[in-house]
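Undergrad: Here you go, one structure.
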Amino acid sequence: MSMNSTAIQQTPKSQINFEQVKKKQRMKNFSKGMLFLLPSIILFSVFLFYPLARTIYLSFFLTDAAGATTVFVGWENYVTMFTSPIFLQSMKSTFLFVLYTVPITIIISLFLAVIANEKLKGIGFFRTIYSSTMGISVAAASVFWLYLFHPSMGPLNLLLNAIGAEGIGWLTDTSWALFAIAITTIWMNIGFTFLILLGGLQSIDSSLYESADIDGAGYFYKLRRITIPMLSPTLFFVVTVTIINAFQTFGQIDILTQGGPVNSTNLVVYSIYREAFVNYKFGSASAQAVLLFIIILLMTFLQFKFGERKVHYQ
Amino acid sequence: MTIPTGRKVIFYILLIISGFLVFAPTLMAFAMSFMSNKDIMTGSLPTSLSFDNYVRAFGQFPLLKYLLNSLIISLVIMLGQLILSSLAAYAFVFLEFKGRDLLFFVFIATMMVPFEASIIPNFHIIRDLGWIDTYPGLTVPFFAMAFGTFLLRQNFKQIPKELREASQIAGMGDFKFYLTVVLPVARTSLLTLGVYGFLTSWNMYLWPLLTTTNDNVRTVQIGLKQLQTQEQLNDWGVIMAGAVIVVIPTLILLFLGQSKLQKGLTEGALK
Amino acid sequence: MGQIDLVDISKSYDKQKNVLDEINLSIEEGEFFVLVGPSGSGKSTLLRMIAGLEDITSGTLKISNEVVNHLPPKDRNLSMVFQNYALYPHLSVEQNILFGLNAKKVDKEEQQKRLIETAEMMGLSELLKRKPKELSGGQRQRVALARSVVSEAPLCLMDEPLSNLDAKLRGQMRMEIRRLQKRLGMTMVYVTHDQVEAMTMGDRIMVLNDGKIQQVGKPITLYNEPANLFVASFIGSPKMNMGKAVFHADRNQLVIDDALHLEIDPVINNVPRYPNVTIGIRAEHLYPGTAENTTHVVEVINVEQLGNETLLAFEVGAEVWTAKWPGQWDVQVGEKVPVHIAIENLCFFDSDTGLLIKPARAGKQQEVVTA
């Protein structure tokens, strides 16, 4: 800067070219902005954009075990994928899984958020309890539920036995395993979803409730006509996040079922993992990854397109 | 406004039942980690409580090493995220330059790419860099974070523009303003983001599973999986002790920062 | 040649309509200069251009006779006080005051010396260790001023610094700022939307509307001889009463808004013979009529008792006029009261251009005498 001003002092005032000074200023602003963003841009490029492009590229090839491309096969990986009964089963399970987890997570969390939003003594304790599952890792949660689901010692089956019912092979029965994974996932999701929904509830202007009280509105009337509509942006966000999370489920499966029994819990990310890092078929794994990417892109897009219209923003 | 007593009772009943149901698995794990194997096997209530399971868990596995690894990795990721996110957020709020809106859109777009979808090339990059079984391999890919950038951008936007202008008149440069004004003023949201970053890094599973092959850098999550698969199937007390060790740091962090986290995350998510 | 010279300064965003249009202005050294106008008039933009916080689209800006268009704010040697004070919330009062000196790397001893002086002057000595959020509005305002004072910059810019204070404190701070400026001899450029503030503080005032200068002059000049209808209605409270006037030469009458008839002595009064004339008369020139001089009787539609004076509203055609009478008058709504309206108290404006044709002669004489 000091160089700049001395240079200017030497030139006659009438000759200062403001346009040039402005252009220089703009250049400076641009490079400053880039300097602040550069670390993020570089890392996004290396660990996000390039890998994404590379995934698409790999999906058209066969590879060796080290991941180097060997033969260009065009769409064949995709054709194989869509004709493979195992993968179709995996897609079906994934969608079923989303269907199980998302609505139940939202309903339970919303219920918890509503009851934890009352101004009662000791409410902070309950809030902490409800949000606690957010602090429990996939590995730990899976271990907890591995025991809960244990066929002979597990509390769930003991409970069933106690009421005279027969124990369930939670993790070994094809008709129950996906459901068991879903229960674990719902439990894990509750903490985060609850916290966000509670935040949403607390940001609702209390004068709305006060004015409804003056009008003599009842508890459920207020819940239906004020709370839920005013909460819709938060709900919208939470639904999107839960859906995306459901598609990315991995850890629970790795510890609880390893995709079994008979592939009934082989959800898409686990399927990618197995194809790539167990079978070393990076080409076809990439094709699955591309599909996952497209599904999530579509989900987000649809959510924004159709969800937003029903959302009431303040 | 006062709540009628009848309704209060109903709420307390609902709160307590829900609280018990939500916390039951965690509670069970805690209890089991202090119980003898015999009590667990017979499904009875604990007849004696001891630290035996913990002693054995630490004795049979390098849990301390794993904990240290997890701590280092989580702290490094947290710091990296804070630095990169706050720098980027600063540029989006306080700097005006050509292409800023386009770049912002690019940042939004990164949220649509799930890490799992690009995990294969990412693994190859780390392998080709020779970063398998190293701290950089476990941390650097997570430094850039769109969510954190948004959260901080939201917060920085609440800092009056006049503060920047006053500092401009005083002759203070952007980087110094970022360091001496923006960061201290926004410390609460930095803390929130820090807690969030630490929690998610500590709980990371798939990536460390792929990129660690030995005990030197293995995280406690993968350690727990090992414990669970290698321990004789019936020694649940030791497994639960391991699980409790894994969740204690994050639970404490969560209990301390719950209200801040809730406010911070809601703000970042919804504006 | 003044301290600040603006030559043909214009401002536009994205090549749209000009926010500021060819502003020419010269502000003298040591002058308290007020920029006043309604919101959106461009007054803050102009101030920020002087500060260097906004680009100048075209024209030349000189400070101390040097072109500064291209200089960043810090090289213009000025200080600025913001509407929201721009205090750093995480710093103590002391650190806030010294913020600029630190950034400019002023010697530590010098810093302490200036700090003690300034804190003393502004009555902040006891508050130096506090944080801004522990201060009252008036104290925050003082810290913001202290920051300006301590910089010892010869030029100080203020952007609506009093608008966040309550009315009582505002009156007090008006006086303090004014005294401070005179004492330190700095040049002040002060932006406000409040014409009372402008009138009471400024050595000179510039009225700005829609990016164009309406009038520049001393407060009294603006009040007595408003250059156009905008200034006439903007300056003064209650605002100047206005009405369309038609001159009937045959009857020697001036008819205002088809309602009010004023007799004209064709020999003495030089009433402008324009086709479209708007007249204006200050509220204090609508005198209470006595037995001898009552010219009109009007029906009162609203009464405001201010204690030391009484405001009476009445209808003139479609307009509502207000009369300001000194003292307390026991008048009821609906009552008919006599008023005295004199031709020499009227300002005449061209209705088409809005420009002043003839100011109110008598009013000017009277007020100059009392001043």
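Starting from 1 in every chain, residues are counted up; chains themselves are A, B, ... following the order of the structure tokens, and ligands are numbered from 1 as listed.
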So that I can check the surroundings of range 104-115 of chain C, please list as JSON, numbers by chain every protein, DNA and RNA residue that reaches within 9 Å of it, counting only C-alpha atoms and ignoring chain neighbours fewer than 5 positions away.

TA: {"B": [170, 171, 172], "C": [74, 94, 97, 98, 99, 120, 146, 150, 151]}

Undergrad: Give as a list in words every residue of chain A that touches chain B within 6 Å, counting only C-alpha atoms.

TA: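 Residues of chain A within 6 Å of chain B, counting only C-alpha atoms: Asn29, Phe30, Gly33, Phe36, Leu37, Ser40, Leu43, Phe47, Pro51, Leu52, Gly135, Ile136, Ser137, Ala139, Ala140, Leu195, Ile196, Gly199, Ala289, Phe293 and Leu297 of chain A.
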
Undergrad: Contacts between chain B and chain C, please, where a residue of chain C counts if it comes within 10 Å (with only C-alpha atoms); show its shortest atom pair and distance in Å to one decimal, rows by chain and ascending number, as CSV.

TA:
residue,atom,partner,partner_atom,distance
C:Arg48,CA,B:Glu165,CA,9.7
C:Ala51,CA,B:Ile169,CA,7.7
C:Gly52,CA,B:Ile169,CA,8.3
C:Leu53,CA,B:Glu165,CA,7.0
C:Pro72,CA,B:Gln168,CA,8.0
C:Pro73,CA,B:Ile169,CA,4.8
C:Lys74,CA,B:Gly171,CA,4.5
C:Asp75,CA,B:Gly171,CA,7.8
C:Arg76,CA,B:Ile169,CA,8.3
C:Asn77,CA,B:Ile169,CA,8.3
C:Leu78,CA,B:Ile169,CA,7.4
C:Ser79,CA,B:Ile169,CA,6.8
C:Met80,CA,B:Ala166,CA,7.1
C:Val81,CA,B:Ala166,CA,8.2
C:Phe82,CA,B:Glu162,CA,6.9
C:Gln83,CA,B:Glu162,CA,8.7
C:Asn84,CA,B:Glu162,CA,7.8
C:Tyr85,CA,B:Glu162,CA,8.0
C:Ala86,CA,B:Leu163,CA,4.9
C:Leu87,CA,B:Leu163,CA,6.9
C:Tyr88,CA,B:Leu163,CA,6.8
C:Pro89,CA,B:Val185,CA,6.9
C:His90,CA,B:Val185,CA,6.0
C:Leu91,CA,B:Val181,CA,8.8
C:Phe99,CA,B:Ala170,CA,7.6
C:Gly100,CA,B:Ala170,CA,4.5
C:Leu101,CA,B:Ala170,CA,7.4
C:Asn102,CA,B:Ala170,CA,8.7
C:Ala103,CA,B:Met172,CA,5.6
C:Lys104,CA,B:Gly171,CA,6.4
C:Lys105,CA,B:Gly171,CA,9.9
C:Arg147,CA,B:Ala166,CA,9.9
C:Ser151,CA,B:Ala170,CA,8.7

Undergrad: Emit the selected residues as an mmCIF file, in the first residue's frame, including N, CA and C atoms.

TA:
data_model
loop_
_atom_site.group_PDB
_atom_site.id
_atom_site.type_symbol
_atom_site.label_atom_id
_atom_site.label_comp_id
_atom_site.auth_asym_id
_atom_site.auth_seq_id
_atom_site.Cartn_x
_atom_site.Cartn_y
_atom_site.Cartn_z
ATOM 1 N N ARG C 48 -20.333 7.786 3.293
ATOM 2 C CA ARG C 48 -19.479 6.601 3.156
ATOM 3 C C ARG C 48 -18.514 6.740 1.991
ATOM 4 N N ALA C 51 -15.743 8.683 3.393
ATOM 5 C CA ALA C 51 -14.940 7.830 4.266
ATOM 6 C C ALA C 51 -14.077 6.850 3.475
ATOM 7 N N GLY C 52 -14.513 6.541 2.238
ATOM 8 C CA GLY C 52 -13.786 5.559 1.448
ATOM 9 C C GLY C 52 -14.366 4.167 1.589
ATOM 10 N N LEU C 53 -15.554 4.073 2.183
ATOM 11 C CA LEU C 53 -16.188 2.761 2.356
ATOM 12 C C LEU C 53 -17.025 2.393 1.129
ATOM 13 N N PRO C 72 -7.629 4.095 0.226
ATOM 14 C CA PRO C 72 -8.446 3.345 1.184
ATOM 15 C C PRO C 72 -8.731 4.219 2.404
ATOM 16 N N PRO C 73 -9.750 3.845 3.194
ATOM 17 C CA PRO C 73 -10.159 4.682 4.316
ATOM 18 C C PRO C 73 -9.009 5.078 5.231
ATOM 19 N N LYS C 74 -8.124 4.139 5.490
ATOM 20 C CA LYS C 74 -7.099 4.421 6.502
ATOM 21 C C LYS C 74 -6.133 5.523 6.069
ATOM 22 N N ASP C 75 -6.013 5.745 4.741
ATOM 23 C CA ASP C 75 -5.092 6.773 4.275
ATOM 24 C C ASP C 75 -5.754 8.131 4.118
ATOM 25 N N ARG C 76 -6.994 8.258 4.577
ATOM 26 C CA ARG C 76 -7.683 9.546 4.402
ATOM 27 C C ARG C 76 -7.638 10.395 5.665
ATOM 28 N N ASN C 77 -7.041 9.856 6.695
ATOM 29 C CA ASN C 77 -6.862 10.579 7.943
ATOM 30 C C ASN C 77 -8.175 11.139 8.484
ATOM 31 N N LEU C 78 -9.101 10.265 8.746
ATOM 32 C CA LEU C 78 -10.376 10.694 9.300
ATOM 33 C C LEU C 78 -10.856 9.680 10.326
ATOM 34 N N SER C 79 -11.853 10.064 11.092
ATOM 35 C CA SER C 79 -12.464 9.120 12.022
ATOM 36 C C SER C 79 -13.954 9.084 11.726
ATOM 37 N N MET C 80 -14.606 8.019 12.198
ATOM 38 C CA MET C 80 -16.023 7.897 11.892
ATOM 39 C C MET C 80 -16.769 7.316 13.088
ATOM 40 N N VAL C 81 -17.963 7.841 13.332
ATOM 41 C CA VAL C 81 -18.831 7.314 14.373
ATOM 42 C C VAL C 81 -20.065 6.732 13.691
ATOM 43 N N PHE C 82 -20.379 5.481 14.008
ATOM 44 C CA PHE C 82 -21.469 4.796 13.321
ATOM 45 C C PHE C 82 -22.761 4.847 14.121
ATOM 46 N N GLN C 83 -23.844 4.618 13.401
ATOM 47 C CA GLN C 83 -25.163 4.646 14.035
ATOM 48 C C GLN C 83 -25.258 3.644 15.178
ATOM 49 N N ASN C 84 -24.725 2.415 14.944
ATOM 50 C CA ASN C 84 -24.779 1.411 16.020
ATOM 51 C C ASN C 84 -23.507 1.414 16.856
ATOM 52 N N TYR C 85 -22.714 2.449 16.719
ATOM 53 C CA TYR C 85 -21.474 2.697 17.471
ATOM 54 C C TYR C 85 -20.311 1.799 17.060
ATOM 55 N N ALA C 86 -20.614 0.613 16.497
ATOM 56 C CA ALA C 86 -19.545 -0.300 16.070
ATOM 57 C C ALA C 86 -18.500 -0.529 17.154
ATOM 58 N N LEU C 87 -18.958 -0.767 18.364
ATOM 59 C CA LEU C 87 -18.013 -1.102 19.432
ATOM 60 C C LEU C 87 -17.719 -2.600 19.356
ATOM 61 N N TYR C 88 -16.472 -2.961 19.602
ATOM 62 C CA TYR C 88 -16.108 -4.376 19.574
ATOM 63 C C TYR C 88 -16.582 -5.032 20.864
ATOM 64 N N PRO C 89 -17.538 -5.966 20.765
ATOM 65 C CA PRO C 89 -18.198 -6.466 21.976
ATOM 66 C C PRO C 89 -17.260 -7.229 22.907
ATOM 67 N N HIS C 90 -16.165 -7.768 22.366
ATOM 68 C CA HIS C 90 -15.293 -8.603 23.195
ATOM 69 C C HIS C 90 -14.172 -7.783 23.830
ATOM 70 N N LEU C 91 -14.103 -6.507 23.513
ATOM 71 C CA LEU C 91 -13.029 -5.681 24.043
ATOM 72 C C LEU C 91 -13.573 -4.725 25.107
ATOM 73 N N PHE C 99 -8.256 0.906 19.977
ATOM 74 C CA PHE C 99 -8.243 -0.026 18.846
ATOM 75 C C PHE C 99 -7.536 0.564 17.621
ATOM 76 N N GLY C 100 -7.931 1.773 17.252
ATOM 77 C CA GLY C 100 -7.377 2.412 16.057
ATOM 78 C C GLY C 100 -5.904 2.734 16.219
ATOM 79 N N LEU C 101 -5.533 3.214 17.414
ATOM 80 C CA LEU C 101 -4.131 3.574 17.643
ATOM 81 C C LEU C 101 -3.251 2.334 17.583
ATOM 82 N N ASN C 102 -3.767 1.227 18.111
ATOM 83 C CA ASN C 102 -3.030 -0.033 18.044
ATOM 84 C C ASN C 102 -2.830 -0.461 16.601
ATOM 85 N N ALA C 103 -3.926 -0.383 15.817
ATOM 86 C CA ALA C 103 -3.846 -0.791 14.420
ATOM 87 C C ALA C 103 -2.848 0.085 13.671
ATOM 88 N N LYS C 104 -2.766 1.367 14.057
ATOM 89 C CA LYS C 104 -1.834 2.269 13.377
ATOM 90 C C LYS C 104 -0.458 2.233 14.028
ATOM 91 N N LYS C 105 -0.287 1.362 15.025
ATOM 92 C CA LYS C 105 0.999 1.164 15.707
ATOM 93 C C LYS C 105 1.539 2.455 16.310
ATOM 94 N N ARG C 147 -13.433 7.224 20.677
ATOM 95 C CA ARG C 147 -12.597 6.568 19.681
ATOM 96 C C ARG C 147 -12.223 7.563 18.579
ATOM 97 N N SER C 151 -8.232 9.524 18.051
ATOM 98 C CA SER C 151 -7.488 9.369 16.795
ATOM 99 C C SER C 151 -6.847 10.684 16.373
#

Undergrad: Using only C-alpha atoms for the distances, tell me which of A:Ile190, A:Gly67, A:Glu118, A:Ser152 is nearest to Pro103 in chain A.

TA: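 Selected residue with least distance to Pro103 in chain A: A:Ile190.
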
Undergrad: May I ask you to extract the residues of chain C within 10 Å of chain A, using only C-alpha atoms, and to give them as an NGL selection string?

TA: :C and (55-58 or 60 or 66-72 or 75)

Undergrad: What does the file look like for those residues with N, CA, C and O atoms, as a PDB file, in the first residue's frame?

TA:
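Saved result, selection.pdb, follows:
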ATOM      1  N   ASP C  55     -17.279   2.989  -3.243  1.00  0.00           N
ATOM      2  CA  ASP C  55     -16.614   3.472  -4.441  1.00  0.00           C
ATOM      3  C   ASP C  55     -17.276   4.745  -4.943  1.00  0.00           C
ATOM      4  O   ASP C  55     -18.474   4.913  -4.805  1.00  0.00           O
ATOM      5  N   ILE C  56     -16.479   5.616  -5.545  1.00  0.00           N
ATOM      6  CA  ILE C  56     -17.040   6.792  -6.202  1.00  0.00           C
ATOM      7  C   ILE C  56     -17.202   6.441  -7.672  1.00  0.00           C
ATOM      8  O   ILE C  56     -16.238   6.051  -8.332  1.00  0.00           O
ATOM      9  N   THR C  57     -18.438   6.520  -8.174  1.00  0.00           N
ATOM     10  CA  THR C  57     -18.669   6.122  -9.562  1.00  0.00           C
ATOM     11  C   THR C  57     -18.043   7.131 -10.521  1.00  0.00           C
ATOM     12  O   THR C  57     -17.347   6.766 -11.465  1.00  0.00           O
ATOM     13  N   SER C  58     -18.295   8.421 -10.288  1.00  0.00           N
ATOM     14  CA  SER C  58     -17.623   9.427 -11.097  1.00  0.00           C
ATOM     15  C   SER C  58     -17.526  10.721 -10.307  1.00  0.00           C
ATOM     16  O   SER C  58     -18.258  10.933  -9.343  1.00  0.00           O
ATOM     17  N   THR C  60     -14.773  13.850  -8.573  1.00  0.00           N
ATOM     18  CA  THR C  60     -13.516  13.923  -7.840  1.00  0.00           C
ATOM     19  C   THR C  60     -13.782  14.303  -6.387  1.00  0.00           C
ATOM     20  O   THR C  60     -14.574  15.195  -6.119  1.00  0.00           O
ATOM     21  N   GLU C  66      -6.277  17.360  -1.763  1.00  0.00           N
ATOM     22  CA  GLU C  66      -5.618  16.252  -2.447  1.00  0.00           C
ATOM     23  C   GLU C  66      -6.669  15.265  -2.924  1.00  0.00           C
ATOM     24  O   GLU C  66      -7.594  14.946  -2.173  1.00  0.00           O
ATOM     25  N   VAL C  67      -6.513  14.788  -4.136  1.00  0.00           N
ATOM     26  CA  VAL C  67      -7.483  13.835  -4.663  1.00  0.00           C
ATOM     27  C   VAL C  67      -7.359  12.527  -3.885  1.00  0.00           C
ATOM     28  O   VAL C  67      -6.266  11.990  -3.739  1.00  0.00           O
ATOM     29  N   VAL C  68      -8.481  12.034  -3.356  1.00  0.00           N
ATOM     30  CA  VAL C  68      -8.400  10.822  -2.542  1.00  0.00           C
ATOM     31  C   VAL C  68      -9.293   9.706  -3.065  1.00  0.00           C
ATOM     32  O   VAL C  68      -9.439   8.671  -2.405  1.00  0.00           O
ATOM     33  N   ASN C  69      -9.887   9.903  -4.241  1.00  0.00           N
ATOM     34  CA  ASN C  69     -10.802   8.894  -4.799  1.00  0.00           C
ATOM     35  C   ASN C  69     -10.308   7.461  -4.627  1.00  0.00           C
ATOM     36  O   ASN C  69     -11.074   6.559  -4.342  1.00  0.00           O
ATOM     37  N   HIS C  70      -9.020   7.284  -4.842  1.00  0.00           N
ATOM     38  CA  HIS C  70      -8.460   5.940  -4.915  1.00  0.00           C
ATOM     39  C   HIS C  70      -7.893   5.462  -3.587  1.00  0.00           C
ATOM     40  O   HIS C  70      -7.450   4.343  -3.482  1.00  0.00           O
ATOM     41  N   LEU C  71      -7.876   6.327  -2.578  1.00  0.00           N
ATOM     42  CA  LEU C  71      -7.220   5.944  -1.322  1.00  0.00           C
ATOM     43  C   LEU C  71      -8.155   5.106  -0.451  1.00  0.00           C
ATOM     44  O   LEU C  71      -9.347   5.392  -0.359  1.00  0.00           O
ATOM     45  N   PRO C  72      -7.629   4.095   0.226  1.00  0.00           N
ATOM     46  CA  PRO C  72      -8.446   3.345   1.184  1.00  0.00           C
ATOM     47  C   PRO C  72      -8.731   4.219   2.404  1.00  0.00           C
ATOM     48  O   PRO C  72      -8.026   5.198   2.632  1.00  0.00           O
ATOM     49  N   ASP C  75      -6.013   5.745   4.741  1.00  0.00           N
ATOM     50  CA  ASP C  75      -5.092   6.773   4.275  1.00  0.00           C
ATOM     51  C   ASP C  75      -5.754   8.131   4.118  1.00  0.00           C
ATOM     52  O   ASP C  75      -5.165   9.043   3.548  1.00  0.00           O
TER      53      ASP C  75
END

Undergrad: When you look at Lys182 in chain C with a cut-off of 12 Å (counting only C-alpha atoms), what residues show up, excluding the ones that are within fewer than 5 positions of it in the same chain? I need them as a ChimeraX atom specification.

TA: /C:29-32,175-177,187-188,201-203

Undergrad: Determine the nearest neighbour of Ile86 in chain A from the options A:Val262, A:Ile108, A:Leu291, A:Ile183, counting only C-alpha atoms.

TA: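 Answer, going by the shortest atom-to-atom distance: A:Val262.
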
Undergrad: Skipping near chain neighbours, those fewer than 6 positions away, what residues fall within 12 Å of Thr134 in chain B using only C-alpha atoms, listed as a list in words?

TA: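 Near Thr134 in chain B, the qualifying residues are Asn69, Ile72, Ile73, Ile126, Arg127, Val140, Pro208, Thr211, Thr212, Thr213, Asn214, Asp215, Asn216, Val217, Arg218 and Thr219 of chain B.
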
Undergrad: To one decimal place in Å, what is the distance between CA of Thr234 in chain A and CA of Leu112 in chain A?

TA: 14.9 Å

Undergrad: Please report the interatomic distance between CA of Leu145 in chain C and CA of Val189 in chain C in Å with one decimal.

TA: 13.7 Å

Undergrad: I'd like to know which residues of range 42-229 of chain B are alpha helix (DSSP H) (by DSSP, run on the backbone); could you write them as an MDAnalysis selection string?

TA: chainID B and resid 42 52:60 63:94 100:110 119:128 135:139 146:156 161:170 174:177 183:185 187:202 206:211 220:229

Undergrad: Take CA of Ala66 in chain A and CA of Gly283 in chain A and report the distance between them in Å, one decimal.

TA: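 Going from CA of Ala66 in chain A over to CA of Gly283 in chain A, I get 11.5 Å.
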
Undergrad: Among range 54-291 of chain C, which residues carry a DSSP assignment of strand (DSSP E), reported as a PyMOL selection string?

TA: chain C and resi 58-63+66-67+78-81+155-159+187-192+204-209+212-217+241-248+253-256+260-263+277-281+287-288

Undergrad: Residues near Tyr223 in chain C, anyone? I mean within 10 Å using only C-alpha atoms, not counting same-chain ones fewer than 4 positions away, as a ChimeraX atom specification.

TA: /C:199,217-219,227,231-236,240,282,364

Undergrad: Any chance you could export the current selection's N, CA, C and O atoms as a PDB file, in the first residue's frame?

TA:
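Result went into out31.pdb, see below:
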ATOM      1  N   MET C 199     -30.890  21.388  12.357  1.00  0.00           N
ATOM      2  CA  MET C 199     -31.036  22.812  12.652  1.00  0.00           C
ATOM      3  C   MET C 199     -30.230  23.208  13.875  1.00  0.00           C
ATOM      4  O   MET C 199     -29.595  24.262  13.899  1.00  0.00           O
ATOM      5  N   GLY C 217     -26.966  25.693   3.087  1.00  0.00           N
ATOM      6  CA  GLY C 217     -26.934  27.007   3.697  1.00  0.00           C
ATOM      7  C   GLY C 217     -26.998  26.941   5.205  1.00  0.00           C
ATOM      8  O   GLY C 217     -27.020  25.849   5.789  1.00  0.00           O
ATOM      9  N   LYS C 218     -27.007  28.116   5.821  1.00  0.00           N
ATOM     10  CA  LYS C 218     -27.121  28.177   7.271  1.00  0.00           C
ATOM     11  C   LYS C 218     -28.524  27.736   7.677  1.00  0.00           C
ATOM     12  O   LYS C 218     -29.478  27.898   6.904  1.00  0.00           O
ATOM     13  N   PRO C 219     -28.654  27.198   8.900  1.00  0.00           N
ATOM     14  CA  PRO C 219     -29.975  26.725   9.340  1.00  0.00           C
ATOM     15  C   PRO C 219     -31.062  27.777   9.171  1.00  0.00           C
ATOM     16  O   PRO C 219     -32.139  27.494   8.661  1.00  0.00           O
ATOM     17  N   ALA C 227     -35.288  26.885  -0.493  1.00  0.00           N
ATOM     18  CA  ALA C 227     -35.082  27.031  -1.934  1.00  0.00           C
ATOM     19  C   ALA C 227     -36.219  26.415  -2.733  1.00  0.00           C
ATOM     20  O   ALA C 227     -36.450  26.792  -3.873  1.00  0.00           O
ATOM     21  N   VAL C 231     -37.617  21.517   0.625  1.00  0.00           N
ATOM     22  CA  VAL C 231     -36.925  22.048   1.796  1.00  0.00           C
ATOM     23  C   VAL C 231     -37.939  22.709   2.728  1.00  0.00           C
ATOM     24  O   VAL C 231     -37.882  22.558   3.957  1.00  0.00           O
ATOM     25  N   ALA C 232     -38.887  23.439   2.126  1.00  0.00           N
ATOM     26  CA  ALA C 232     -39.889  24.129   2.939  1.00  0.00           C
ATOM     27  C   ALA C 232     -40.650  23.159   3.826  1.00  0.00           C
ATOM     28  O   ALA C 232     -40.882  23.419   5.003  1.00  0.00           O
ATOM     29  N   SER C 233     -41.018  22.021   3.254  1.00  0.00           N
ATOM     30  CA  SER C 233     -41.810  21.087   4.057  1.00  0.00           C
ATOM     31  C   SER C 233     -40.932  20.223   4.945  1.00  0.00           C
ATOM     32  O   SER C 233     -41.382  19.700   5.945  1.00  0.00           O
ATOM     33  N   PHE C 234     -39.645  20.071   4.578  1.00  0.00           N
ATOM     34  CA  PHE C 234     -38.771  19.187   5.359  1.00  0.00           C
ATOM     35  C   PHE C 234     -38.218  19.873   6.595  1.00  0.00           C
ATOM     36  O   PHE C 234     -38.098  19.266   7.657  1.00  0.00           O
ATOM     37  N   ILE C 235     -37.883  21.148   6.465  1.00  0.00           N
ATOM     38  CA  ILE C 235     -37.270  21.880   7.573  1.00  0.00           C
ATOM     39  C   ILE C 235     -38.366  22.583   8.379  1.00  0.00           C
ATOM     40  O   ILE C 235     -39.227  23.242   7.816  1.00  0.00           O
ATOM     41  N   GLY C 236     -38.288  22.449   9.682  1.00  0.00           N
ATOM     42  CA  GLY C 236     -39.254  23.127  10.542  1.00  0.00           C
ATOM     43  C   GLY C 236     -40.305  22.176  11.058  1.00  0.00           C
ATOM     44  O   GLY C 236     -40.721  21.254  10.361  1.00  0.00           O
ATOM     45  N   MET C 240     -44.205  23.454   7.388  1.00  0.00           N
ATOM     46  CA  MET C 240     -44.805  24.665   6.813  1.00  0.00           C
ATOM     47  C   MET C 240     -46.174  24.349   6.201  1.00  0.00           C
ATOM     48  O   MET C 240     -46.350  23.328   5.542  1.00  0.00           O
ATOM     49  N   ARG C 282     -45.413  29.620   7.735  1.00  0.00           N
ATOM     50  CA  ARG C 282     -45.007  28.921   8.950  1.00  0.00           C
ATOM     51  C   ARG C 282     -46.135  28.961   9.987  1.00  0.00           C
ATOM     52  O   ARG C 282     -46.887  29.944  10.064  1.00  0.00           O
ATOM     53  N   LYS C 364     -38.430  37.082   8.042  1.00  0.00           N
ATOM     54  CA  LYS C 364     -36.990  37.121   8.044  1.00  0.00           C
ATOM     55  C   LYS C 364     -36.496  38.281   8.909  1.00  0.00           C
ATOM     56  O   LYS C 364     -35.652  38.113   9.775  1.00  0.00           O
TER      57      LYS C 364
END
